[in-house]
Every structure is written in C-alpha cells, then in structure tokens.
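Structure file upload-v1.csv (CSV, C-alpha atoms) follows.
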chain,number,residue,atom,x,y,z
A,109,MET,CA,0.0,0.0,0.0
A,110,ILE,CA,1.4,3.4,-1.1
A,111,SER,CA,1.2,6.1,1.6
A,112,LYS,CA,-0.4,9.5,1.0
A,113,LYS,CA,3.0,11.1,1.4
A,114,ASN,CA,4.5,8.9,-1.3
A,115,TRP,CA,1.6,9.6,-3.6
A,116,ILE,CA,2.3,13.3,-3.3
A,117,GLU,CA,6.0,12.8,-4.0
A,118,ILE,CA,5.1,10.7,-7.1
A,119,LEU,CA,2.7,13.4,-8.3
A,120,LYS,CA,5.3,16.1,-7.9
A,121,ILE,CA,7.8,14.1,-9.9
A,122,ALA,CA,5.4,13.0,-12.7
A,123,LEU,CA,3.0,15.9,-13.1
A,124,PHE,CA,5.2,18.5,-14.8
A,125,PRO,CA,7.1,16.2,-17.2
A,126,ALA,CA,3.7,14.8,-18.2
A,127,ILE,CA,2.4,18.3,-19.0
A,128,ILE,CA,5.6,19.2,-20.9
A,129,PHE,CA,5.3,15.9,-22.8
A,130,LEU,CA,1.7,16.5,-23.7
A,131,LEU,CA,2.4,20.0,-25.0
A,132,ALA,CA,5.4,18.6,-26.9
A,133,VAL,CA,3.1,16.0,-28.6
A,134,ILE,CA,0.4,18.7,-29.4
A,135,PHE,CA,3.1,20.9,-31.0
A,136,SER,CA,4.9,17.9,-32.7
A,137,SER,CA,8.2,18.5,-30.9
A,138,ARG,CA,10.1,15.3,-30.6
A,139,ALA,CA,13.0,17.2,-28.9
A,140,PHE,CA,10.8,18.3,-26.0
A,141,SER,CA,9.1,14.9,-25.7
A,142,LEU,CA,12.4,13.3,-25.1
A,143,GLY,CA,13.4,16.2,-22.8
A,144,ALA,CA,10.3,15.6,-20.7
A,145,MET,CA,10.9,11.9,-20.5
A,146,ILE,CA,14.5,12.3,-19.4
A,147,SER,CA,13.6,15.0,-16.9
A,148,PHE,CA,11.1,12.6,-15.3
A,149,PHE,CA,13.6,9.8,-15.0
A,150,PHE,CA,16.3,12.2,-13.6
A,151,VAL,CA,14.0,13.6,-10.9
A,152,LEU,CA,12.6,10.2,-10.1
A,153,PHE,CA,16.0,8.5,-9.5
A,154,ARG,CA,17.3,11.3,-7.3
A,155,SER,CA,14.1,11.3,-5.2
A,156,LYS,CA,13.1,9.1,-2.3
A,157,ALA,CA,9.9,7.9,-3.9
A,158,LYS,CA,9.1,4.2,-4.1
A,159,LEU,CA,8.0,2.4,-7.3
A,160,LYS,CA,11.2,3.3,-9.2
A,161,PRO,CA,11.8,1.1,-12.3
A,162,LYS,CA,15.1,-0.6,-12.8
A,163,LEU,CA,17.8,1.7,-14.1
A,164,TRP,CA,18.5,-0.5,-17.1
A,165,LEU,CA,14.7,-0.5,-18.0
A,166,SER,CA,14.7,3.3,-17.8
A,167,ILE,CA,17.7,3.5,-20.1
A,168,LEU,CA,16.1,1.0,-22.5
A,169,ILE,CA,12.9,3.1,-22.6
A,170,THR,CA,14.8,6.2,-23.3
A,171,ILE,CA,16.8,4.6,-26.2
A,172,ALA,CA,13.6,3.1,-27.6
A,173,SER,CA,11.9,6.5,-27.5
A,174,PHE,CA,14.8,8.1,-29.3
A,175,CYS,CA,14.7,5.5,-32.0
A,176,ILE,CA,10.9,5.9,-32.4
A,177,ALA,CA,11.3,9.7,-32.5
A,178,PHE,CA,14.0,9.3,-35.2
A,179,ILE,CA,11.8,7.0,-37.4
A,180,LEU,CA,8.6,8.9,-36.8
A,181,LYS,CA,9.9,11.8,-39.0
A,182,LEU,CA,12.5,10.0,-40.9
A,183,ASP,CA,13.1,12.6,-43.6
A,184,SER,CA,13.5,15.3,-41.0
A,185,SER,CA,16.0,13.1,-39.1
A,186,LEU,CA,18.0,12.4,-42.2
A,187,GLY,CA,17.9,16.1,-43.1
A,188,ARG,CA,19.5,16.9,-39.8
A,189,ILE,CA,22.2,14.3,-40.4
A,190,LEU,CA,23.0,16.1,-43.7
A,191,ILE,CA,23.2,19.4,-41.8
A,192,TYR,CA,25.7,17.8,-39.4
A,193,LYS,CA,27.8,16.4,-42.2
A,194,VAL,CA,28.0,19.7,-44.1
A,195,SER,CA,28.8,21.8,-41.0
A,196,PHE,CA,31.3,19.2,-39.7
A,197,LYS,CA,33.4,19.3,-42.9
A,198,ALA,CA,33.7,23.1,-42.4
A,199,PHE,CA,34.5,22.6,-38.7
A,200,CYS,CA,37.3,20.1,-39.4
A,201,ALA,CA,39.0,22.7,-41.6
A,202,ASN,CA,39.5,24.9,-38.5
A,203,PRO,CA,38.6,23.0,-35.3
A,204,PHE,CA,40.2,25.4,-32.8
A,205,GLU,CA,38.7,28.7,-34.1
A,206,GLY,CA,35.5,27.2,-35.6
A,207,ILE,CA,33.5,28.8,-38.4
A,208,GLY,CA,32.9,32.1,-36.5
A,209,TRP,CA,30.2,33.4,-34.2
A,210,ASN,CA,26.8,33.1,-35.8
A,211,GLY,CA,28.5,31.2,-38.6
A,212,VAL,CA,25.7,28.6,-39.1
A,213,TYR,CA,23.2,31.4,-39.6
A,214,SER,CA,25.3,33.3,-42.1
A,215,LYS,CA,27.5,30.7,-43.8
A,216,TYR,CA,25.8,27.4,-43.8
A,217,LEU,CA,24.0,27.7,-47.1
A,218,TYR,CA,27.3,28.6,-48.8
A,219,LEU,CA,28.9,25.5,-47.2
A,220,GLN,CA,26.0,23.4,-48.5
A,221,SER,CA,26.5,24.7,-52.0
A,222,CYS,CA,30.2,23.7,-51.8
A,223,TYR,CA,29.2,20.3,-50.5
A,224,PHE,CA,26.9,19.6,-53.4
A,225,ALA,CA,29.2,21.1,-56.0
A,226,GLU,CA,32.3,19.2,-54.9
A,227,THR,CA,31.3,16.1,-52.9
A,228,PRO,CA,29.7,12.8,-54.0
A,229,PHE,CA,26.3,12.7,-52.4
A,230,TYR,CA,23.2,10.5,-52.2
A,231,GLU,CA,20.0,11.3,-54.1
A,232,LYS,CA,18.1,11.4,-50.8
A,233,GLU,CA,20.5,14.2,-49.6
A,234,LEU,CA,19.8,16.2,-52.7
A,235,LEU,CA,16.0,16.0,-52.1
A,236,LEU,CA,16.4,16.9,-48.4
A,237,ALA,CA,18.6,20.0,-48.8
A,238,ASP,CA,16.9,23.3,-48.0
A,239,ASN,CA,17.5,26.9,-47.0
A,240,THR,CA,19.0,26.0,-43.7
A,241,HIS,CA,20.1,28.4,-40.9
A,242,TYR,CA,20.1,26.2,-37.9
A,243,VAL,CA,21.9,22.9,-37.0
A,244,PHE,CA,19.1,21.8,-34.6
A,245,ASN,CA,21.6,21.1,-31.8
A,246,GLU,CA,22.6,24.2,-29.8
A,247,TYR,CA,25.7,22.6,-28.2
A,248,TYR,CA,27.0,21.4,-31.6
A,249,ARG,CA,26.4,24.8,-33.0
A,250,ILE,CA,28.4,26.5,-30.2
A,251,VAL,CA,31.3,24.1,-30.8
A,252,ILE,CA,31.4,24.3,-34.6
A,253,GLU,CA,31.1,28.1,-34.4
A,254,ASN,CA,33.6,28.8,-31.6
A,255,GLY,CA,36.0,25.9,-31.7
A,256,ILE,CA,36.6,22.6,-29.9
A,257,LEU,CA,37.8,24.4,-26.7
A,258,THR,CA,34.2,25.5,-26.0
A,259,LEU,CA,33.6,21.8,-24.9
A,260,ILE,CA,35.2,22.8,-21.6
A,261,PRO,CA,32.7,25.5,-20.5
A,262,LEU,CA,29.9,23.3,-21.9
A,263,PHE,CA,31.1,20.5,-19.5
A,264,PHE,CA,31.0,22.8,-16.6
A,265,PHE,CA,27.5,24.1,-17.7
A,266,PHE,CA,26.1,20.6,-17.6
A,267,PHE,CA,27.9,19.8,-14.3
A,268,PHE,CA,26.7,22.8,-12.4
A,269,SER,CA,23.2,22.7,-14.0
A,270,LEU,CA,22.6,19.2,-12.7
A,271,LYS,CA,24.2,20.1,-9.4
A,272,ALA,CA,21.9,23.1,-9.0
A,273,VAL,CA,18.8,20.9,-9.7
A,274,ASN,CA,19.9,18.4,-7.2
A,275,CYS,CA,20.6,20.9,-4.5
A,276,ALA,CA,17.4,22.8,-5.1
A,277,LEU,CA,15.3,19.6,-4.8
A,278,ASP,CA,17.1,18.7,-1.6
A,279,ARG,CA,16.6,22.1,0.0
A,280,ASN,CA,13.1,22.9,-1.3
A,281,ASN,CA,10.9,20.0,-2.3
A,282,SER,CA,7.9,22.2,-3.4
A,283,PHE,CA,5.8,21.9,-6.5
A,284,LEU,CA,7.4,25.1,-7.9
A,285,THR,CA,10.9,23.6,-7.5
A,286,HIS,CA,9.7,20.4,-9.3
A,287,PHE,CA,8.2,22.5,-12.1
A,288,PHE,CA,11.3,24.6,-12.6
A,289,SER,CA,13.6,21.5,-12.4
A,290,SER,CA,11.5,19.5,-15.0
A,291,THR,CA,11.3,22.5,-17.3
A,292,TYR,CA,15.1,23.2,-16.9
A,293,ILE,CA,16.2,19.6,-17.7
A,294,SER,CA,13.7,19.4,-20.6
A,295,ILE,CA,15.1,22.5,-22.3
A,296,ILE,CA,18.7,21.3,-21.7
A,297,VAL,CA,17.9,17.9,-23.3
A,298,ALA,CA,15.8,19.4,-26.1
A,299,SER,CA,18.8,21.7,-27.0
A,300,PHE,CA,20.5,18.5,-28.3
A,301,PHE,CA,17.8,18.1,-31.0
A,302,THR,CA,16.4,21.5,-31.8
A,303,ASN,CA,17.2,25.3,-31.9
A,304,THR,CA,16.2,26.6,-28.4
A,305,ILE,CA,18.5,29.6,-28.2
A,306,SER,CA,17.1,31.1,-31.4
A,307,ARG,CA,13.6,30.7,-29.8
A,308,ASP,CA,14.7,32.8,-26.8
A,309,LEU,CA,14.3,29.8,-24.5
A,310,ILE,CA,17.7,30.8,-23.2
A,311,TRP,CA,16.0,33.4,-21.1
A,312,SER,CA,13.9,30.7,-19.4
A,313,VAL,CA,17.1,28.8,-18.6
A,314,LEU,CA,18.6,31.9,-17.1
A,315,VAL,CA,15.5,32.7,-14.9
A,316,ILE,CA,15.3,29.1,-13.7
A,317,GLN,CA,19.0,28.9,-13.0
A,318,LEU,CA,18.6,32.0,-10.8
A,319,TYR,CA,15.6,30.5,-9.0
A,320,LEU,CA,17.5,27.3,-8.3
A,321,ASN,CA,20.5,29.2,-7.0
A,322,LEU,CA,18.3,31.5,-4.9
A,323,ILE,CA,16.8,28.6,-2.9
A,324,THR,CA,20.2,26.9,-2.3
A,325,ILE,CA,22.4,29.8,-1.2
A,326,LYS,CA,23.0,30.9,2.3
A,327,LYS,CA,20.6,33.4,3.8
A,328,ASN,CA,23.2,36.2,4.3
A,329,SER,CA,23.9,36.1,0.5
A,330,ARG,CA,20.3,36.5,-0.6
A,331,GLY,CA,20.4,40.2,-0.5
A,332,CYS,CA,23.1,40.4,-3.2
A,333,VAL,CA,21.4,37.8,-5.4
A,334,ILE,CA,18.0,39.5,-5.1
A,335,SER,CA,19.6,42.8,-6.1
A,336,PHE,CA,21.3,41.1,-9.0
A,337,ASN,CA,18.0,39.5,-10.1
A,338,ILE,CA,16.2,42.9,-10.0
A,339,LEU,CA,18.9,44.4,-12.2
A,340,LEU,CA,18.7,41.5,-14.6
A,341,LEU,CA,14.9,41.8,-14.7
A,342,LEU,CA,15.2,45.5,-15.5
A,343,MET,CA,17.7,44.7,-18.3
A,344,VAL,CA,15.3,42.1,-19.8
A,345,ILE,CA,12.4,44.6,-19.6
A,346,CYS,CA,14.5,47.2,-21.5
A,347,LEU,CA,15.6,44.7,-24.1
A,348,SER,CA,12.0,43.6,-24.6
A,349,ILE,CA,10.8,47.2,-25.0
A,350,ASN,CA,13.6,47.9,-27.5
A,351,HIS,CA,12.8,44.6,-29.4
A,352,ASN,CA,9.0,45.5,-29.6
A,353,LEU,CA,9.7,49.0,-30.8
A,354,THR,CA,12.2,47.9,-33.4
A,355,GLU,CA,9.7,45.2,-34.6
A,356,LYS,CA,7.0,47.8,-35.0
A,357,TYR,CA,9.3,50.0,-36.9
A,358,PHE,CA,10.2,47.3,-39.5
A,359,LEU,CA,6.6,46.2,-39.8
A,360,ASN,CA,5.7,49.7,-40.7
A,361,LEU,CA,8.5,49.8,-43.3
A,362,LYS,CA,7.4,46.5,-44.8
A,363,GLN,CA,3.9,47.9,-45.2
A,364,GLN,CA,5.2,51.0,-46.8
A,365,ALA,CA,7.4,49.0,-49.2
A,366,GLN,CA,4.5,46.7,-50.2
A,367,SER,CA,2.2,49.7,-50.8
A,368,GLY,CA,4.9,51.5,-52.9
A,369,GLU,CA,5.0,54.4,-50.4
A,370,LEU,CA,8.7,54.0,-49.6
A,371,SER,CA,10.9,56.8,-51.1
A,372,ASN,CA,14.6,56.9,-51.9
A,373,ALA,CA,15.1,59.2,-48.9
A,374,ASP,CA,13.4,56.6,-46.6
A,375,VAL,CA,15.7,53.9,-47.9
A,376,GLU,CA,18.9,56.0,-47.5
A,377,LEU,CA,17.8,56.9,-44.0
A,378,MET,CA,17.3,53.2,-43.3
A,379,LYS,CA,20.8,52.4,-44.5
A,380,SER,CA,22.2,54.9,-42.1
A,381,LYS,CA,20.2,53.4,-39.2
A,382,SER,CA,22.3,52.2,-36.3
A,383,ASN,CA,23.7,48.8,-36.6
A,384,PHE,CA,22.9,48.0,-33.0
A,385,LEU,CA,20.2,45.6,-34.1
A,386,SER,CA,19.6,41.9,-33.7
A,387,THR,CA,20.6,39.7,-36.7
A,388,ASP,CA,16.9,39.2,-37.6
A,389,PHE,CA,16.2,43.0,-37.8
A,390,GLU,CA,19.4,43.6,-39.7
A,391,VAL,CA,18.3,41.0,-42.2
A,392,GLU,CA,14.8,42.5,-42.5
A,393,LYS,CA,16.4,45.9,-43.1
A,394,LEU,CA,18.7,44.5,-45.9
A,395,LYS,CA,15.7,42.6,-47.5
A,396,ILE,CA,13.7,45.9,-47.8
A,397,ILE,CA,16.7,47.8,-49.2
A,398,SER,CA,17.7,45.0,-51.7
A,399,ILE,CA,14.1,44.7,-53.1
A,400,TYR,CA,13.7,48.5,-53.3
A,401,TYR,CA,16.9,49.1,-55.3
A,402,THR,CA,16.3,46.0,-57.5
A,403,GLU,CA,12.8,47.1,-58.4
A,404,SER,CA,14.2,50.6,-59.0
A,405,MET,CA,16.9,49.1,-61.3
A,406,GLU,CA,19.6,51.0,-59.3
A,407,TRP,CA,21.9,48.0,-59.9
A,408,GLU,CA,25.1,49.2,-58.1
A,409,LYS,CA,23.1,49.9,-54.9
A,410,ALA,CA,21.1,46.8,-55.4
A,411,PHE,CA,24.3,44.7,-55.6
A,412,GLU,CA,25.7,46.3,-52.5
A,413,ALA,CA,22.6,45.7,-50.4
A,414,THR,CA,21.9,42.2,-51.8
A,415,LEU,CA,25.5,41.1,-51.2
A,416,LYS,CA,25.3,42.3,-47.6
A,417,LEU,CA,22.0,40.3,-47.3
A,418,SER,CA,23.6,37.2,-48.6
A,419,ASN,CA,26.5,37.5,-46.1
A,420,ALA,CA,24.0,38.0,-43.2
A,421,LYS,CA,21.4,35.3,-44.1
A,422,PRO,CA,21.8,33.6,-47.5
A,423,PHE,CA,19.0,32.1,-49.5
A,424,ASN,CA,19.0,30.4,-52.9
A,425,VAL,CA,16.8,33.1,-54.2
A,426,ILE,CA,19.2,35.8,-52.9
A,427,TYR,CA,22.0,34.2,-54.8
A,428,SER,CA,19.8,34.2,-57.9
A,429,ARG,CA,19.0,37.8,-57.4
A,430,LEU,CA,22.8,38.6,-57.3
A,431,GLY,CA,23.2,36.6,-60.5
A,432,MET,CA,20.5,38.7,-62.2
A,433,ILE,CA,22.0,42.0,-60.8
A,434,CYS,CA,25.5,41.1,-62.0
A,435,THR,CA,24.0,40.3,-65.5
A,436,HIS,CA,22.6,43.8,-65.6
A,437,LEU,CA,26.0,45.2,-64.5
A,438,GLY,CA,27.7,43.4,-67.4
A,439,ASN,CA,29.7,41.1,-65.1
A,440,LYS,CA,28.9,37.7,-66.6
A,441,ALA,CA,31.6,35.7,-64.7
A,442,GLU,CA,30.2,36.9,-61.4
A,443,ALA,CA,26.6,36.3,-62.6
A,444,GLU,CA,27.4,32.7,-63.5
A,445,ARG,CA,29.1,32.1,-60.1
A,446,TYR,CA,26.0,33.4,-58.2
A,447,TYR,CA,23.6,31.4,-60.4
A,448,LYS,CA,25.6,28.3,-59.6
A,449,LEU,CA,25.6,29.1,-55.9
A,450,ALA,CA,21.8,29.3,-56.1
A,451,VAL,CA,21.6,25.9,-57.8
A,452,TYR,CA,24.0,24.1,-55.5
A,453,SER,CA,22.9,25.7,-52.3
A,454,VAL,CA,19.4,24.0,-52.6
A,455,PRO,CA,20.0,21.6,-55.5
A,456,ASN,CA,16.4,20.2,-55.7
A,457,ARG,CA,14.9,23.5,-56.8
A,458,PHE,CA,13.9,23.6,-60.5
A,459,SER,CA,13.4,27.4,-60.6
A,460,THR,CA,17.0,28.2,-59.8
A,461,ARG,CA,18.3,25.6,-62.3
A,462,LEU,CA,16.0,27.2,-64.9
A,463,GLU,CA,17.6,30.6,-64.3
A,464,LEU,CA,21.1,29.2,-64.8
A,465,PHE,CA,19.8,27.4,-68.0
A,466,ASN,CA,18.3,30.7,-69.3
A,467,PHE,CA,21.5,32.5,-68.5
A,468,TYR,CA,23.6,30.2,-70.7
A,469,VAL,CA,21.0,30.3,-73.5
A,470,GLU,CA,21.0,34.2,-73.5
A,471,ASN,CA,24.8,34.3,-73.5
A,472,ASN,CA,24.9,31.7,-76.4
A,473,GLU,CA,26.7,29.1,-74.2
A,474,ILE,CA,25.1,26.2,-76.1
A,475,GLU,CA,27.0,23.3,-74.6
A,476,LEU,CA,26.7,24.6,-71.0
A,477,ALA,CA,23.0,25.3,-71.7
A,478,LYS,CA,22.4,21.7,-72.9
A,479,LYS,CA,24.3,20.2,-70.0
A,480,THR,CA,22.4,22.3,-67.5
A,481,GLY,CA,19.1,21.6,-69.2
A,482,LEU,CA,19.7,17.8,-69.2
A,483,GLU,CA,20.6,18.0,-65.5
A,484,LEU,CA,17.3,19.8,-64.8
A,485,LEU,CA,15.3,17.2,-66.8
A,486,ASN,CA,17.0,14.3,-65.0
A,487,LEU,CA,16.6,15.9,-61.6
A,488,PRO,CA,14.6,13.9,-59.0
A,489,VAL,CA,11.3,15.6,-58.3
A,490,LYS,CA,10.6,16.5,-54.6
A,491,VAL,CA,7.1,17.8,-55.2
A,492,ASN,CA,5.6,17.2,-58.7
A,493,SER,CA,3.8,20.5,-59.1
A,494,VAL,CA,2.3,22.3,-62.1
A,495,ASP,CA,5.3,24.7,-62.1
A,496,VAL,CA,7.8,21.8,-62.3
A,497,ILE,CA,5.9,20.2,-65.3
A,498,LYS,CA,5.9,23.6,-67.1
A,499,ILE,CA,9.6,24.1,-66.4
A,500,LYS,CA,10.5,20.7,-67.7
A,501,LYS,CA,8.3,21.2,-70.8
A,502,TYR,CA,9.9,24.6,-71.5
A,503,VAL,CA,13.5,23.3,-71.1
A,504,LYS,CA,12.8,20.2,-73.3
A,505,SER,CA,11.5,22.3,-76.1
A,506,LYS,CA,14.3,24.9,-75.8
A,507,ILE,CA,17.0,22.2,-75.9
A,508,SER,CA,15.5,20.7,-79.0
A,509,ASN,CA,15.9,24.1,-80.7
A,510,LEU,CA,19.6,24.7,-79.6
Hey, can you dump this file as structure tokens for me?
Amino acid sequence: MISKKNWIEILKIALFPAIIFLLAVIFSSRAFSLGAMISFFFVLFRSKAKLKPKLWLSILITIASFCIAFILKLDSSLGRILIYKVSFKAFCANPFEGIGWNGVYSKYLYLQSCYFAETPFYEKELLLADNTHYVFNEYYRIVIENGILTLIPLFFFFFFSLKAVNCALDRNNSFLTHFFSSTYISIIVASFFTNTISRDLIWSVLVIQLYLNLITIKKNSRGCVISFNILLLLMVICLSINHNLTEKYFLNLKQQAQSGELSNADVELMKSKSNFLSTDFEVEKLKIISIYYTESMEWEKAFEATLKLSNAKPFNVIYSRLGMICTHLGNKAEAERYYKLAVYSVPNRFSTRLELFNFYVENNEIELAKKTGLELLNLPVKVNSVDVIKIKKYVKSKISNL
C-alpha cells in the first residue's frame, strides 16, 4: 500500500514532465518529448519515492523513445544528419577557431553549396537539402562556431546545472521547484535536438537557474542575489521594449514597401540606421533595401545591399538575385558564379536551375545550356507541381531548338 505522502511525491515528480510531454506532442516537438521523459527519470531517480523502475529499464525506454522519434519523422531526421555532415566538414577545416560566431546562420548555405558542387552525395540528400540556418543542436552549434575548446565551458555548464537541480530539490521539495527542475532539464535535453537559443528559451534557462541558485544559497547572501535579479529583470524589460519598438518600426517599413510608399530618402535613412540591431532585424532591413533598389533598377546599390544580405542570411533566391543584378551590371563571370551558388545551395529547386539554363541560352553558351538543361530534366522531383511540369516542358522544347 502506497502512503499518501509517497503519492504526493510521485505526483510532484510525474506531473510537470507529463504536462511538458503533452504540450510537446500537441506541437509535434520530438525534442521536448524526449526532454520531458529524461527530466522525469532524472528527478525520479534522485528522489526518495518508491516504485522506481530498474535503471536498465529506464535507459532502454529512453533509447527506444529516441529510435521511435528518429523513425517517426525519418526525412526530418535524415535532413539533420545532412546538416551535421556539411557543417562538420567546415568545422574540421578549422577545429580550434571554428567557423565564427553566428556562422551557421550566415555561412551554412554557402557551405552546403560547396558540398553539393564538390562532394559525391546521395540522391536522398539532394532531395532533403533546403535553405537552412540552424543545425538543430545548440551545443554542436556552439562548438562548430567557436571551436573545440568550448567543450570545456559546456562540460561545466552541464555539471553545475545538474548540481543546481539536485541541491534545489534537496533544499526545497515544493511543486514550484519540481516545475522549474523539470522545465530546466527538458530545455537542456531538447537543445541537443532543436534550436532553443534562437527561440529565446535561453531566457527561461537563465531565470530558472537564478531561482535554483536562490533557494540553495546561504541566507546572508540572498540580498546580493536579489539585487542582481532585480537588475537582470530591468535589463530584460528594457531589451524587450527595444525589441518590440524595433519590430513595429520594421513592420511599418514593410507595409510602406509593399504599398509603394517607400521613397529613396526613406531607404537612404534606413541604410544609415544604427547597426545596434539583432541579426533578424538587420536581415529585415537589408531585405527591404535590396528589393527596393532591385525594383528601382539601381543596380550598383542593389548589388551592395543584396551582397550584404547574402552575407548576413543567404537564401538560394538571394544568390539568384545577385546573378541577375550582375548580369545587368555586365559582369557575366560573377553572374554565373552566383547562379551556380543558387543551384547548388538548394539543388532540388527547378526554378534556380531554370535561371542558370536561361543565363547560358541568353549568352549563347550552347554546350553549357544543354548540360544544365539535361541535368534539370533528370533531376529527381521532390514535389511534382504544375510549375515543375511547365519548367520541364519549356526546357525540353528549348534544348531541341539549340
């Protein structure tokens, strides 16, 4: 017979992981489902509750859950393996310095274009490639961007995080502590399989870490920690206000650009706007400027803005736009290079291959046009849409007339 006290203990342990797991299933997050399960086992085995399963059984359940999660969305899982392969090749070239801060966001697509242009690959990889800006593993991202030595601070992060949870649960066995502990471990585990920092969940980790530290420190130190927390809270509030104001500013600019109300003076003012912006806002600014100058046919300014955009956050369509701009500027060699980048960065896109094909046709490069056209016609189809059928039909008729 299980005592009432033990039932309450089991409820504390199981309730919040169950809620996190349910939410993860509703929102189709395999990463947080695994995080919830591991958080449950972690808290369970360090508690004094009865009815604990055998350790080997818990490990077996976790491994089986991981395998099921992998198979459940097989294409997504294989796509992530492709991302790891591409980024790891770049990391191996400079393992101590890494590819640079925010390198995955700004450089991955270029690395992927090099991979498909130079490396033998599987057809499945070609079909899975996409405009990628995340590696879906925050710890791996930190290491490949900043070098192998960042494994040392990561080790201490895991060590002190688990120690903080242990100490907090020993000192304060309340529902709130169990809630924060389960959430904390779930986020830490999920970070191995998804992008949590870019979703701003890092703030949740910071707040929970502070709570866990607060309830474990000595009483005479609490004043300093509370003061620090107040300052941190004020800083977060200021950053949030700045974020919201900047977001509204760019939303207004987008609406102006879409309605055609944006003037040359507005764009020049935007260019001179302070660079103290987040990466996302800087990208939004460059998108608006690039489109404005391209549509205005101010090719020099369009090239400058679009090149900056491609360095900040590349897309295959951005590379195509650079190819088109370089064509108008009379720089055919650069235009070809950017069209090829567009093709190889996401090699399953028929639209970018068509642009390269048309480029060769317009410049009377008959052999290259035929080669590119045949590659397009033999390309495996990811989604057999009306557009794909039209492109294939057009290229086939064009080749027959070359």
Which residue out of A:Gly187, A:Gly481, A:Cys175, A:Ser289 has the minimum interatomic distance to Tyr230 (chain A) when only C-alpha atoms are used?
A:Gly187
Excluding region 211-223 of chain A and its own-chain neighbours fewer than 3 positions away, which residues fall within 7 Å of it when counting only C-alpha atoms? Please give them as a PyMOL selection string.
chain A and resi 194-195+207-208+226-227+239-242+253+419-422+449+452-453
Write out as a ChimeraX atom specification the residues lying within 7 Å of Phe300 (chain A), counting only C-alpha atoms and excluding same-chain residues fewer than 4 positions away.
/A:245-247
Residue nearest Leu359 (chain A) among A:Tyr401, A:Phe287, A:Phe389, A:Tyr502 (counting only C-alpha atoms):
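Among the listed residues, the smallest separation from Leu359 (chain A) belongs to A:Phe389.
Computed from the coordinates, the CA of Arg138 (chain A) to CA of Ala177 (chain A) distance equals 6.0 Å.
Taking CA of Ser147 (chain A) and CA of Ile191 (chain A) as endpoints, the distance between them is 27.0 Å.
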Any idea what the distance is between CA of Ile345 (chain A) and CA of Ile127 (chain A)?
28.1 Å
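Using all atoms listed in the file, the nearest neighbour of Thr285 (chain A) within the list A:Ser299, A:Ala272, A:Lys193, A:Leu235 is A:Ala272.
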Within 10 Å of Val491 (chain A) using only C-alpha atoms, minus same-chain residues under 3 positions, as a short mmCIF file (atom, residue, chain, number, x, y, z; two decimals) with C-alpha atoms, keeping the file's coordinate frame:
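Contents of result.cif, as written:
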data_model
loop_
_atom_site.label_atom_id
_atom_site.label_comp_id
_atom_site.auth_asym_id
_atom_site.auth_seq_id
_atom_site.Cartn_x
_atom_site.Cartn_y
_atom_site.Cartn_z
CA LEU A 235 16.00 16.00 -52.10
CA ASN A 456 16.40 20.20 -55.70
CA ARG A 457 14.90 23.50 -56.80
CA PRO A 488 14.60 13.90 -59.00
CA VAL A 494 2.30 22.30 -62.10
CA ASP A 495 5.30 24.70 -62.10
CA VAL A 496 7.80 21.80 -62.30
#
Skipping near chain neighbours, those fewer than 6 positions away, what residues fall within 12 Å of Asn202 (chain A) using only C-alpha atoms, listed as a list in words?
Ser195, Phe196, Gly208, Val251, Ile252, Glu253, Asn254, Gly255, Ile256 and Leu257 of chain A
Find the residues near region 426-443 of chain A: any atom within 12 Å, counting only C-alpha atoms, skip ones fewer than 4 places away on the same chain, and give them as a VMD selection string.
chain A and resid 217 to 218 221 239 391 394 to 395 398 to 399 401 to 422 447 to 454 457 459 to 464 466 to 468 470 to 471 473
Could you tell me which of A:Val469, A:Val503, A:Ile397, A:Pro228 comes closest to Leu484 (chain A) if we count only C-alpha atoms?
A:Val503
Shortest contact to Pro203 (chain A), candidates A:Ser136, A:Leu259, A:Ser493, A:Pro455, atoms counted all atoms listed in the file, goes to A:Leu259
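Residue nearest Ala237 (chain A) within the list A:Asn280, A:Asn424, A:Asn352, A:Ser290: A:Asn424 [criterion: smallest interatomic distance, only C-alpha atoms].
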